[in-house]
Amino acid sequence: MSARKKSKKVERKPLFLIVLEDAEEVKTALKFACRRAKKVGAHISLLSIVEQHQFQDWMGVSKMMQEERRAEAEKAVSKWADIVRALMDDEMPELIVREGPAKEAVTKAIEEDPTISMLVLGAAPDSDSPGALVSHFAGKMSGKLRIPVMIVPGGLSDEDIEKLA
């Protein structure tokens, strides 16, 4: 009779993906995601997107502007990481910086990482639209993703977040 060794498969905790934008509702979504992640034993992944702009006549200028936008995105994601660390008892989030259209960058990040288990988006509270990403992922993409989309109302208070998370 032969003995079979069990393979030691390292399992990663599930990730909650938060897309970083310069909007107040992102901070609310981030607080909610961190609180929920602590309760269920998940990690946080922060995605910063550098939109690409092409100037055909000025390719050198375009490249320099793209590099500047990427450096700004990396600086911003580091700032958001500090907020996550404060909310998650000093746990460092996964940091992702992608270039390209936002909707495609988010979809690609989800497709490439099987540990991403939820997309968390903040909805603009004082607007006619909840935001382009919320509209896209809660609309025509809602049935096509392999993970749920959590839409966090941007107007939630810290007390509301604590009750709901």
# chains A, B, ... in the order shown; residues from 1 in each chain; ligands from 1
$ residues_around --residues "region 109-114 of chain A" --least-positions-apart "4" --cutoff "12 Å" --atoms "only C-alpha atoms" --output "ChimeraX atom specification"
/A:11-19,45-49,94-100,102-105,118-120,144-149
$ write_last_selection --atoms "N, CA and C atoms" --output "mmCIF file, in the first residue's frame"
data_model
loop_
_atom_site.group_PDB
_atom_site.id
_atom_site.type_symbol
_atom_site.label_atom_id
_atom_site.label_comp_id
_atom_site.auth_asym_id
_atom_site.auth_seq_id
_atom_site.Cartn_x
_atom_site.Cartn_y
_atom_site.Cartn_z
ATOM 1 N N GLU A 11 -2.822 28.641 0.096
ATOM 2 C CA GLU A 11 -4.043 29.340 -0.264
ATOM 3 C C GLU A 11 -3.945 30.784 0.171
ATOM 4 N N ARG A 12 -4.258 31.659 -0.751
ATOM 5 C CA ARG A 12 -4.278 33.081 -0.444
ATOM 6 C C ARG A 12 -5.668 33.465 0.024
ATOM 7 N N LYS A 13 -5.713 34.441 0.891
ATOM 8 C CA LYS A 13 -6.998 34.962 1.340
ATOM 9 C C LYS A 13 -7.686 35.649 0.157
ATOM 10 N N PRO A 14 -9.012 35.685 0.182
ATOM 11 C CA PRO A 14 -9.718 36.400 -0.877
ATOM 12 C C PRO A 14 -9.388 37.889 -0.832
ATOM 13 N N LEU A 15 -9.442 38.509 -1.995
ATOM 14 C CA LEU A 15 -9.162 39.938 -2.115
ATOM 15 C C LEU A 15 -10.423 40.714 -2.454
ATOM 16 N N PHE A 16 -10.570 41.856 -1.830
ATOM 17 C CA PHE A 16 -11.609 42.810 -2.198
ATOM 18 C C PHE A 16 -10.907 43.887 -3.016
ATOM 19 N N LEU A 17 -11.311 44.046 -4.259
ATOM 20 C CA LEU A 17 -10.684 45.009 -5.161
ATOM 21 C C LEU A 17 -11.402 46.350 -5.086
ATOM 22 N N ILE A 18 -10.637 47.401 -4.785
ATOM 23 C CA ILE A 18 -11.176 48.750 -4.736
ATOM 24 C C ILE A 18 -10.471 49.569 -5.810
ATOM 25 N N VAL A 19 -11.258 50.218 -6.652
ATOM 26 C CA VAL A 19 -10.717 51.058 -7.714
ATOM 27 C C VAL A 19 -10.579 52.477 -7.165
ATOM 28 N N SER A 45 -7.137 44.886 -2.080
ATOM 29 C CA SER A 45 -6.308 45.168 -3.246
ATOM 30 C C SER A 45 -6.737 46.518 -3.803
ATOM 31 N N LEU A 46 -5.785 47.409 -3.983
ATOM 32 C CA LEU A 46 -6.066 48.753 -4.481
ATOM 33 C C LEU A 46 -5.615 48.862 -5.932
ATOM 34 N N LEU A 47 -6.516 49.308 -6.786
ATOM 35 C CA LEU A 47 -6.219 49.458 -8.213
ATOM 36 C C LEU A 47 -6.267 50.935 -8.589
ATOM 37 N N SER A 48 -5.131 51.448 -9.047
ATOM 38 C CA SER A 48 -5.054 52.808 -9.557
ATOM 39 C C SER A 48 -4.867 52.716 -11.065
ATOM 40 N N ILE A 49 -5.635 53.512 -11.796
ATOM 41 C CA ILE A 49 -5.631 53.418 -13.253
ATOM 42 C C ILE A 49 -5.090 54.703 -13.860
ATOM 43 N N GLU A 94 -2.582 44.894 -1.251
ATOM 44 C CA GLU A 94 -1.946 44.647 -2.540
ATOM 45 C C GLU A 94 -2.140 45.909 -3.369
ATOM 46 N N LEU A 95 -1.098 46.331 -4.072
ATOM 47 C CA LEU A 95 -1.157 47.563 -4.853
ATOM 48 C C LEU A 95 -1.006 47.247 -6.335
ATOM 49 N N ILE A 96 -1.913 47.781 -7.133
ATOM 50 C CA ILE A 96 -1.886 47.558 -8.568
ATOM 51 C C ILE A 96 -2.010 48.903 -9.274
ATOM 52 N N VAL A 97 -1.131 49.157 -10.235
ATOM 53 C CA VAL A 97 -1.245 50.327 -11.093
ATOM 54 C C VAL A 97 -1.328 49.808 -12.522
ATOM 55 N N ARG A 98 -2.373 50.183 -13.232
ATOM 56 C CA ARG A 98 -2.608 49.742 -14.612
ATOM 57 C C ARG A 98 -2.771 50.949 -15.511
ATOM 58 N N GLU A 99 -2.407 50.745 -16.755
ATOM 59 C CA GLU A 99 -2.600 51.778 -17.764
ATOM 60 C C GLU A 99 -3.692 51.337 -18.722
ATOM 61 N N GLY A 100 -4.464 52.309 -19.199
ATOM 62 C CA GLY A 100 -5.506 52.023 -20.167
ATOM 63 C C GLY A 100 -6.855 52.513 -19.707
ATOM 64 N N ALA A 102 -10.330 52.684 -17.963
ATOM 65 C CA ALA A 102 -10.666 52.189 -16.621
ATOM 66 C C ALA A 102 -11.473 50.894 -16.656
ATOM 67 N N LYS A 103 -12.517 50.832 -17.456
ATOM 68 C CA LYS A 103 -13.381 49.650 -17.480
ATOM 69 C C LYS A 103 -12.589 48.410 -17.880
ATOM 70 N N GLU A 104 -11.722 48.561 -18.870
ATOM 71 C CA GLU A 104 -10.904 47.431 -19.325
ATOM 72 C C GLU A 104 -9.850 47.044 -18.285
ATOM 73 N N ALA A 105 -9.264 48.029 -17.623
ATOM 74 C CA ALA A 105 -8.245 47.744 -16.610
ATOM 75 C C ALA A 105 -8.836 46.975 -15.431
ATOM 76 N N MET A 118 -14.346 40.064 -4.808
ATOM 77 C CA MET A 118 -15.394 41.074 -4.829
ATOM 78 C C MET A 118 -14.825 42.380 -5.371
ATOM 79 N N LEU A 119 -15.614 43.045 -6.184
ATOM 80 C CA LEU A 119 -15.295 44.394 -6.652
ATOM 81 C C LEU A 119 -16.113 45.356 -5.810
ATOM 82 N N VAL A 120 -15.440 46.307 -5.172
ATOM 83 C CA VAL A 120 -16.111 47.270 -4.299
ATOM 84 C C VAL A 120 -15.994 48.653 -4.934
ATOM 85 N N LYS A 144 -21.939 39.331 -16.109
ATOM 86 C CA LYS A 144 -20.820 38.750 -16.845
ATOM 87 C C LYS A 144 -19.561 38.546 -16.010
ATOM 88 N N LEU A 145 -19.511 39.125 -14.842
ATOM 89 C CA LEU A 145 -18.333 38.963 -13.993
ATOM 90 C C LEU A 145 -18.432 37.661 -13.197
ATOM 91 N N ARG A 146 -17.292 37.137 -12.807
ATOM 92 C CA ARG A 146 -17.260 35.907 -12.005
ATOM 93 C C ARG A 146 -17.366 36.196 -10.511
ATOM 94 N N ILE A 147 -17.423 37.486 -10.170
ATOM 95 C CA ILE A 147 -17.472 37.898 -8.768
ATOM 96 C C ILE A 147 -18.619 38.877 -8.552
ATOM 97 N N PRO A 148 -19.065 39.037 -7.301
ATOM 98 C CA PRO A 148 -20.084 40.052 -7.041
ATOM 99 C C PRO A 148 -19.492 41.460 -7.052
ATOM 100 N N VAL A 149 -20.371 42.413 -7.312
ATOM 101 C CA VAL A 149 -20.002 43.824 -7.262
ATOM 102 C C VAL A 149 -20.728 44.435 -6.069
#
$ select_by_dssp --residues "chain A" --states "strand (DSSP E or B)" --output "PyMOL selection string"
chain A and resi 15-20+43-50+94-99+116-123+149-153
$ residues_around --residues "Asp82 (chain A)" --least-positions-apart "6" --cutoff "10 Å" --atoms "only C-alpha atoms" --output "ChimeraX atom specification"
/A:88,90-93
$ write_last_selection --atoms "C-alpha atoms" --output "short mmCIF file (atom, residue, chain, number, x, y, z; two decimals), in the first residue's frame"
data_model
loop_
_atom_site.label_atom_id
_atom_site.label_comp_id
_atom_site.auth_asym_id
_atom_site.auth_seq_id
_atom_site.Cartn_x
_atom_site.Cartn_y
_atom_site.Cartn_z
CA MET A 88 -6.64 47.00 8.81
CA ASP A 90 -1.18 47.64 9.84
CA GLU A 91 -1.88 45.05 7.13
CA MET A 92 -0.42 46.17 3.80
CA PRO A 93 -2.85 46.00 0.87
#
$ atom_distance --atom1 "CA of Ile151 (chain A)" --atom2 "CA of Ala123 (chain A)"
6.4 Å
$ closest_residue --among "A:Glu159, A:Leu20, A:Asp128, A:Asp89" --to "Ala37 (chain A)" --atoms "only C-alpha atoms"
A:Asp89
$ atom_distance --atom1 "CA of Ala132 (chain A)" --atom2 "CA of Val50 (chain A)"
15.5 Å
$ residues_around --residues "Glu162 (chain A)" --least-positions-apart "3" --cutoff "9 Å" --atoms "only C-alpha atoms" --output "list in words"
Phe32, Arg35, Arg36, Ser157, Asp158, Glu159 and Ala165 of chain A
$ write_last_selection --atoms "N, CA and C atoms" --output "PDB file, in the first residue's frame"
ATOM      1  N   PHE A  32     -15.640  50.831   4.023  1.00  0.00           N
ATOM      2  CA  PHE A  32     -16.552  49.697   4.079  1.00  0.00           C
ATOM      3  C   PHE A  32     -15.815  48.394   3.764  1.00  0.00           C
ATOM      4  N   ARG A  35     -13.503  47.311   6.619  1.00  0.00           N
ATOM      5  CA  ARG A  35     -14.273  46.800   7.765  1.00  0.00           C
ATOM      6  C   ARG A  35     -14.801  45.402   7.466  1.00  0.00           C
ATOM      7  N   ARG A  36     -15.338  45.226   6.274  1.00  0.00           N
ATOM      8  CA  ARG A  36     -15.888  43.916   5.878  1.00  0.00           C
ATOM      9  C   ARG A  36     -14.771  42.868   5.762  1.00  0.00           C
ATOM     10  N   SER A 157     -22.280  57.196   6.637  1.00  0.00           N
ATOM     11  CA  SER A 157     -21.459  57.680   7.752  1.00  0.00           C
ATOM     12  C   SER A 157     -20.607  56.528   8.273  1.00  0.00           C
ATOM     13  N   ASP A 158     -19.643  56.846   9.115  1.00  0.00           N
ATOM     14  CA  ASP A 158     -18.823  55.801   9.737  1.00  0.00           C
ATOM     15  C   ASP A 158     -19.689  54.853  10.570  1.00  0.00           C
ATOM     16  N   GLU A 159     -20.714  55.390  11.218  1.00  0.00           N
ATOM     17  CA  GLU A 159     -21.621  54.556  12.011  1.00  0.00           C
ATOM     18  C   GLU A 159     -22.402  53.614  11.108  1.00  0.00           C
ATOM     19  N   ALA A 165     -21.260  46.654   7.630  1.00  0.00           N
ATOM     20  CA  ALA A 165     -20.132  45.811   7.230  1.00  0.00           C
ATOM     21  C   ALA A 165     -20.134  44.529   8.023  1.00  0.00           C
TER      22      ALA A 165
END
